[in-house]
Amino acid sequence: MPTAAALAPLPAPARDHLAQVFAQYPIEVVDGRDVWLHTPDGRSILDLYGGHAVAALGYGHPRWLAALERQAREVAFQSNAVPMEVRRRAARKLVEFSALPLDTVFFVNSGAEANENALRTACRITGRGHVVAVEGAFHGRTAAAAAVTHGSAAWYGYPRTPFDVTFVPRRDAAALAGAITTDTAAVIVEPVQGVGGAFDMGAEYLSAIRRRCDETCALLIFDEVQCGVGRTGHPFAANLYGVVPDMLTTAKALGAGFPVGALLMAPHVAAHLRMNDLGTTFGGGPLACAVVEAVIDAIRQDGLLENVRRVSERVRERCIVGPVTGIQGEGFLLGLRTRVPAKQVQAALLERDILTGTSGDPSILRLLPPFTLREEHVDLLAAALAELPA
Ligand SMILES: Cc1ncc(COP(=O)(O)O)c(C=O)c1O
């Protein structure tokens, strides 16, 4: 046990009292409208990053605002112990939207929490203590989610992981047989890796994982926290690739700015749930549920899946220009491969009032724009890239 003295000395306290753990963009934001962010000094910045893939409807979407306001006036909070129609409606809507045979929903507050519950459920149901994850994966920063996050040893912090973990190379079907065994509780995979650089796993590899899970009775978890809820131009990447997991986790775009996550389970998983297996105070709160409904309604009624597919095509057609040599990913989870470090391109674009993201791959610039982005915005990006040295 370290003494108090060993824990000191602390660095000088942060001036704004916030933990100094995030690299900061050199801009401040005061408001947002649709795909535009505004700074205190009057700049309008095109947001192609969406706050880490969250702002699916852009900013100030009328349906999102109205749902939040209406629900706040009706009743802002009651826990899962109190049945509420808005919670049942949100679960039904999410299941219908997914068009997948995953018919049971557990609402939580974040992506990591959804993964934590999926992994725990897999270990409990199978009675096994081994999990397989994929190199480059990011699944969150809680104990189990971080254990399956590739490279987390640098910041993990816990004395041990809750289960044994094997990482397999991306898209290497031959490596699956040795890694996924009858000791394996679950395989967790992002069908399109986000932090890993908008790297799509492809239908063939995901089908090979599905087959090996079936052979070994391991459960397959799709982490669609970043790539789900329409971001690929399909409800979920599972729909796009035609591979059905046993559990699917999602968050980010699901609330489009309001914190909410969900774990979707197949009937053969849900059948094992007992009273008190899962729990949360805030998860499934009425504000979150009202927003989930509004987000799904907006995606459907505004034709946003079609928009994502069409405008994504425009990025592929117009944006291999200047320092960009290729484009990977799906829909609005795109990785622009850059000849120079992506960080440099990101900084140059921000000087031209375009906000983008980087990734775990230093030569991939990541785009995670709102689903409301239009062709004219892509043309602004293409023009800005064309000004940069090739
Ligand atoms: C694929 C994926 N899973 C899980 C998480 C963790 O989500 P949260 O930050 O909401 O806990 C993230 C966050 O970036 C993610 O991209």
# chains A, B, ... in the order shown; residues from 1 in each chain; ligands from 1

call {"tool": "select_by_dssp", "arguments": {"residues": "range 50-284 of chain A", "states": "strand (DSSP E or B)", "output": "JSON, numbers by chain"}}
result
{"A": [59, 104, 105, 106, 107, 108, 130, 131, 132, 133, 134, 164, 165, 166, 167, 168, 184, 185, 186, 187, 188, 189, 192, 193, 199, 200, 219, 220, 221, 222, 223, 247, 248, 249, 250, 261, 262, 263, 264, 265]}

call {"tool": "write_last_selection", "arguments": {"atoms": "C-alpha atoms", "output": "compact mmCIF listing (two decimals), in the first residue's frame"}}
result
# COMPACT_ATOMS: atom_id res chain seq x y z
CA TYR A 59 -26.57 19.96 -33.89
CA THR A 104 -33.84 -8.21 -25.86
CA VAL A 105 -32.38 -4.82 -24.93
CA PHE A 106 -30.54 -3.68 -21.81
CA PHE A 107 -30.05 0.09 -21.82
CA VAL A 108 -26.89 1.54 -20.27
CA HIS A 130 -11.07 -16.62 -21.97
CA VAL A 131 -11.95 -13.89 -24.45
CA VAL A 132 -10.64 -13.34 -27.98
CA ALA A 133 -10.30 -9.82 -29.37
CA VAL A 134 -8.79 -8.34 -32.51
CA ASP A 164 -7.51 -14.24 -20.15
CA VAL A 165 -7.31 -12.44 -23.46
CA THR A 166 -5.90 -13.47 -26.85
CA PHE A 167 -5.59 -10.89 -29.61
CA VAL A 168 -5.80 -12.16 -33.20
CA THR A 184 -13.38 -19.27 -25.02
CA ALA A 185 -16.37 -17.46 -23.53
CA ALA A 186 -16.62 -14.78 -26.22
CA VAL A 187 -15.08 -13.20 -29.26
CA ILE A 188 -15.52 -9.43 -29.35
CA VAL A 189 -15.02 -7.55 -32.60
CA VAL A 192 -15.58 -1.75 -38.70
CA GLN A 193 -12.84 -0.68 -36.31
CA PHE A 199 -10.74 -0.60 -40.81
CA ASP A 200 -13.55 -2.84 -42.08
CA LEU A 219 -20.49 -16.25 -27.97
CA LEU A 220 -19.92 -13.62 -30.65
CA ILE A 221 -20.16 -9.98 -29.57
CA PHE A 222 -20.25 -7.20 -32.18
CA ASP A 223 -19.10 -3.91 -30.72
CA MET A 247 -24.83 -9.92 -28.60
CA LEU A 248 -24.42 -6.45 -30.06
CA THR A 249 -23.36 -3.34 -28.17
CA THR A 250 -23.99 0.21 -29.27
CA GLY A 261 -25.83 2.82 -24.76
CA ALA A 262 -27.49 -0.52 -25.29
CA LEU A 263 -26.75 -4.22 -25.22
CA LEU A 264 -28.89 -6.25 -27.63
CA MET A 265 -29.14 -9.98 -27.00

call {"tool": "residues_around", "arguments": {"residues": "range 92-97 of chain A", "least_positions_apart": "2", "cutoff": "8 Å", "atoms": "only C-alpha atoms", "output": "PyMOL selection string"}}
result
chain A and resi 88-90+99-100+102-105+235+264+292-293+296

call {"tool": "write_last_selection", "arguments": {"atoms": "N, CA and C atoms", "output": "PDB file, in the first residue's frame"}}
result
ATOM      1  N   ARG A  88     -40.298   1.002 -22.984  1.00  0.00           N
ATOM      2  CA  ARG A  88     -40.728  -0.133 -23.831  1.00  0.00           C
ATOM      3  C   ARG A  88     -40.705   0.267 -25.301  1.00  0.00           C
ATOM      4  N   ARG A  89     -41.176   1.506 -25.585  1.00  0.00           N
ATOM      5  CA  ARG A  89     -41.198   1.972 -26.989  1.00  0.00           C
ATOM      6  C   ARG A  89     -39.790   2.031 -27.565  1.00  0.00           C
ATOM      7  N   ALA A  90     -38.841   2.560 -26.770  1.00  0.00           N
ATOM      8  CA  ALA A  90     -37.455   2.697 -27.259  1.00  0.00           C
ATOM      9  C   ALA A  90     -36.855   1.332 -27.553  1.00  0.00           C
ATOM     10  N   ALA A  99     -33.478  -4.890 -37.334  1.00  0.00           N
ATOM     11  CA  ALA A  99     -33.846  -5.976 -38.261  1.00  0.00           C
ATOM     12  C   ALA A  99     -32.957  -7.202 -38.063  1.00  0.00           C
ATOM     13  N   LEU A 100     -32.505  -7.407 -36.841  1.00  0.00           N
ATOM     14  CA  LEU A 100     -31.662  -8.564 -36.513  1.00  0.00           C
ATOM     15  C   LEU A 100     -32.424  -9.431 -35.505  1.00  0.00           C
ATOM     16  N   LEU A 102     -32.147 -10.147 -32.606  1.00  0.00           N
ATOM     17  CA  LEU A 102     -31.654  -9.815 -31.263  1.00  0.00           C
ATOM     18  C   LEU A 102     -32.807  -9.065 -30.597  1.00  0.00           C
ATOM     19  N   ASP A 103     -33.579  -9.740 -29.786  1.00  0.00           N
ATOM     20  CA  ASP A 103     -34.870  -9.164 -29.407  1.00  0.00           C
ATOM     21  C   ASP A 103     -34.957  -8.692 -27.958  1.00  0.00           C
ATOM     22  N   THR A 104     -33.814  -8.678 -27.252  1.00  0.00           N
ATOM     23  CA  THR A 104     -33.840  -8.214 -25.861  1.00  0.00           C
ATOM     24  C   THR A 104     -32.811  -7.109 -25.685  1.00  0.00           C
ATOM     25  N   VAL A 105     -33.235  -6.008 -25.056  1.00  0.00           N
ATOM     26  CA  VAL A 105     -32.377  -4.822 -24.930  1.00  0.00           C
ATOM     27  C   VAL A 105     -32.127  -4.514 -23.457  1.00  0.00           C
ATOM     28  N   PRO A 235     -28.608  -0.086 -40.780  1.00  0.00           N
ATOM     29  CA  PRO A 235     -28.885   0.059 -39.345  1.00  0.00           C
ATOM     30  C   PRO A 235     -27.658  -0.304 -38.500  1.00  0.00           C
ATOM     31  N   LEU A 264     -27.823  -5.457 -27.011  1.00  0.00           N
ATOM     32  CA  LEU A 264     -28.889  -6.250 -27.633  1.00  0.00           C
ATOM     33  C   LEU A 264     -28.492  -7.722 -27.562  1.00  0.00           C
ATOM     34  N   VAL A 292     -33.611   8.064 -27.908  1.00  0.00           N
ATOM     35  CA  VAL A 292     -33.389   6.902 -28.789  1.00  0.00           C
ATOM     36  C   VAL A 292     -34.508   6.824 -29.825  1.00  0.00           C
ATOM     37  N   GLU A 293     -35.730   6.986 -29.368  1.00  0.00           N
ATOM     38  CA  GLU A 293     -36.868   6.965 -30.304  1.00  0.00           C
ATOM     39  C   GLU A 293     -36.720   8.053 -31.353  1.00  0.00           C
ATOM     40  N   ILE A 296     -33.937   7.327 -33.964  1.00  0.00           N
ATOM     41  CA  ILE A 296     -34.308   6.304 -34.962  1.00  0.00           C
ATOM     42  C   ILE A 296     -35.369   6.864 -35.917  1.00  0.00           C
TER      43      ILE A 296
END

call {"tool": "select_by_dssp", "arguments": {"residues": "range 335-387 of chain A", "states": "alpha helix (DSSP H)", "output": "ChimeraX atom specification"}}
result
/A:342-351,375-386

call {"tool": "write_last_selection", "arguments": {"atoms": "C-alpha atoms", "output": "PDB file, in the first residue's frame"}}
result
ATOM      1  CA  ALA A 342      -2.502  12.368 -40.576  1.00  0.00           C
ATOM      2  CA  LYS A 343      -1.983  14.771 -37.664  1.00  0.00           C
ATOM      3  CA  GLN A 344      -0.376  17.278 -40.044  1.00  0.00           C
ATOM      4  CA  VAL A 345      -3.291  17.039 -42.465  1.00  0.00           C
ATOM      5  CA  GLN A 346      -5.759  17.375 -39.572  1.00  0.00           C
ATOM      6  CA  ALA A 347      -4.019  20.577 -38.387  1.00  0.00           C
ATOM      7  CA  ALA A 348      -3.924  22.043 -41.910  1.00  0.00           C
ATOM      8  CA  LEU A 349      -7.642  21.298 -42.414  1.00  0.00           C
ATOM      9  CA  LEU A 350      -8.546  22.894 -39.101  1.00  0.00           C
ATOM     10  CA  GLU A 351      -6.717  26.058 -40.197  1.00  0.00           C
ATOM     11  CA  GLU A 375     -22.411  16.701 -51.115  1.00  0.00           C
ATOM     12  CA  GLU A 376     -21.613  20.422 -50.948  1.00  0.00           C
ATOM     13  CA  HIS A 377     -19.796  19.831 -47.640  1.00  0.00           C
ATOM     14  CA  VAL A 378     -17.717  17.048 -49.182  1.00  0.00           C
ATOM     15  CA  ASP A 379     -16.743  19.459 -51.944  1.00  0.00           C
ATOM     16  CA  LEU A 380     -15.451  21.892 -49.315  1.00  0.00           C
ATOM     17  CA  LEU A 381     -13.272  19.100 -47.911  1.00  0.00           C
ATOM     18  CA  ALA A 382     -12.047  18.110 -51.373  1.00  0.00           C
ATOM     19  CA  ALA A 383     -11.155  21.732 -52.161  1.00  0.00           C
ATOM     20  CA  ALA A 384      -9.288  22.145 -48.872  1.00  0.00           C
ATOM     21  CA  LEU A 385      -7.342  18.889 -49.412  1.00  0.00           C
ATOM     22  CA  ALA A 386      -6.438  19.990 -52.943  1.00  0.00           C
TER      23      ALA A 386
END

call {"tool": "atom_distance", "arguments": {"atom1": "CA of Val269 in chain A", "atom2": "CA of Gly127 in chain A"}}
result
13.3 Å

call {"tool": "residues_around", "arguments": {"residues": "Gln78 in chain A", "least_positions_apart": "6", "cutoff": "9 Å", "atoms": "only C-alpha atoms", "output": "CSV table (one decimal) with C-alpha atoms, in the first residue's frame"}}
result
chain,number,residue,atom,x,y,z
A,84,MET,CA,-42.5,3.2,-18.4
A,281,THR,CA,-29.4,3.5,-12.0
A,282,PHE,CA,-29.4,5.8,-15.0
A,284,GLY,CA,-32.9,3.2,-19.6
A,285,GLY,CA,-33.9,6.6,-18.1
A,286,PRO,CA,-36.8,8.2,-19.8

call {"tool": "residues_around", "arguments": {"residues": "Gly157 in chain A", "least_positions_apart": "6", "cutoff": "12 Å", "atoms": "only C-alpha atoms", "output": "list in words"}}
result
Arg141, Thr142, Ala143, Ala146 and Ala147 of chain A

call {"tool": "closest_residue", "arguments": {"among": "A:Ala390, A:Ala114, A:Cys123, A:Ala218", "to": "ligand 1", "atoms": "only C-alpha atoms and all ligand atoms"}}
result
A:Ala114

call {"tool": "closest_residue", "arguments": {"among": "A:Asp31, A:Glu306, A:Glu317, A:Asp47", "to": "Leu368 in chain A", "atoms": "only C-alpha atoms"}}
result
A:Asp47

call {"tool": "closest_residue", "arguments": {"among": "A:Thr338, A:Asn115, A:Asn239, A:Ser44", "to": "ligand 1", "atoms": "only C-alpha atoms and all ligand atoms"}}
result
A:Asn115

call {"tool": "closest_residue", "arguments": {"among": "A:Leu365, A:Met275, A:Ala118, A:Ala67", "to": "ligand 1", "atoms": "only C-alpha atoms and all ligand atoms"}}
result
A:Ala118

call {"tool": "closest_residue", "arguments": {"among": "A:Asn117, A:Ser98, A:Gln71, A:Gln226", "to": "Lys252 in chain A", "atoms": "only C-alpha atoms"}}
result
A:Gln226
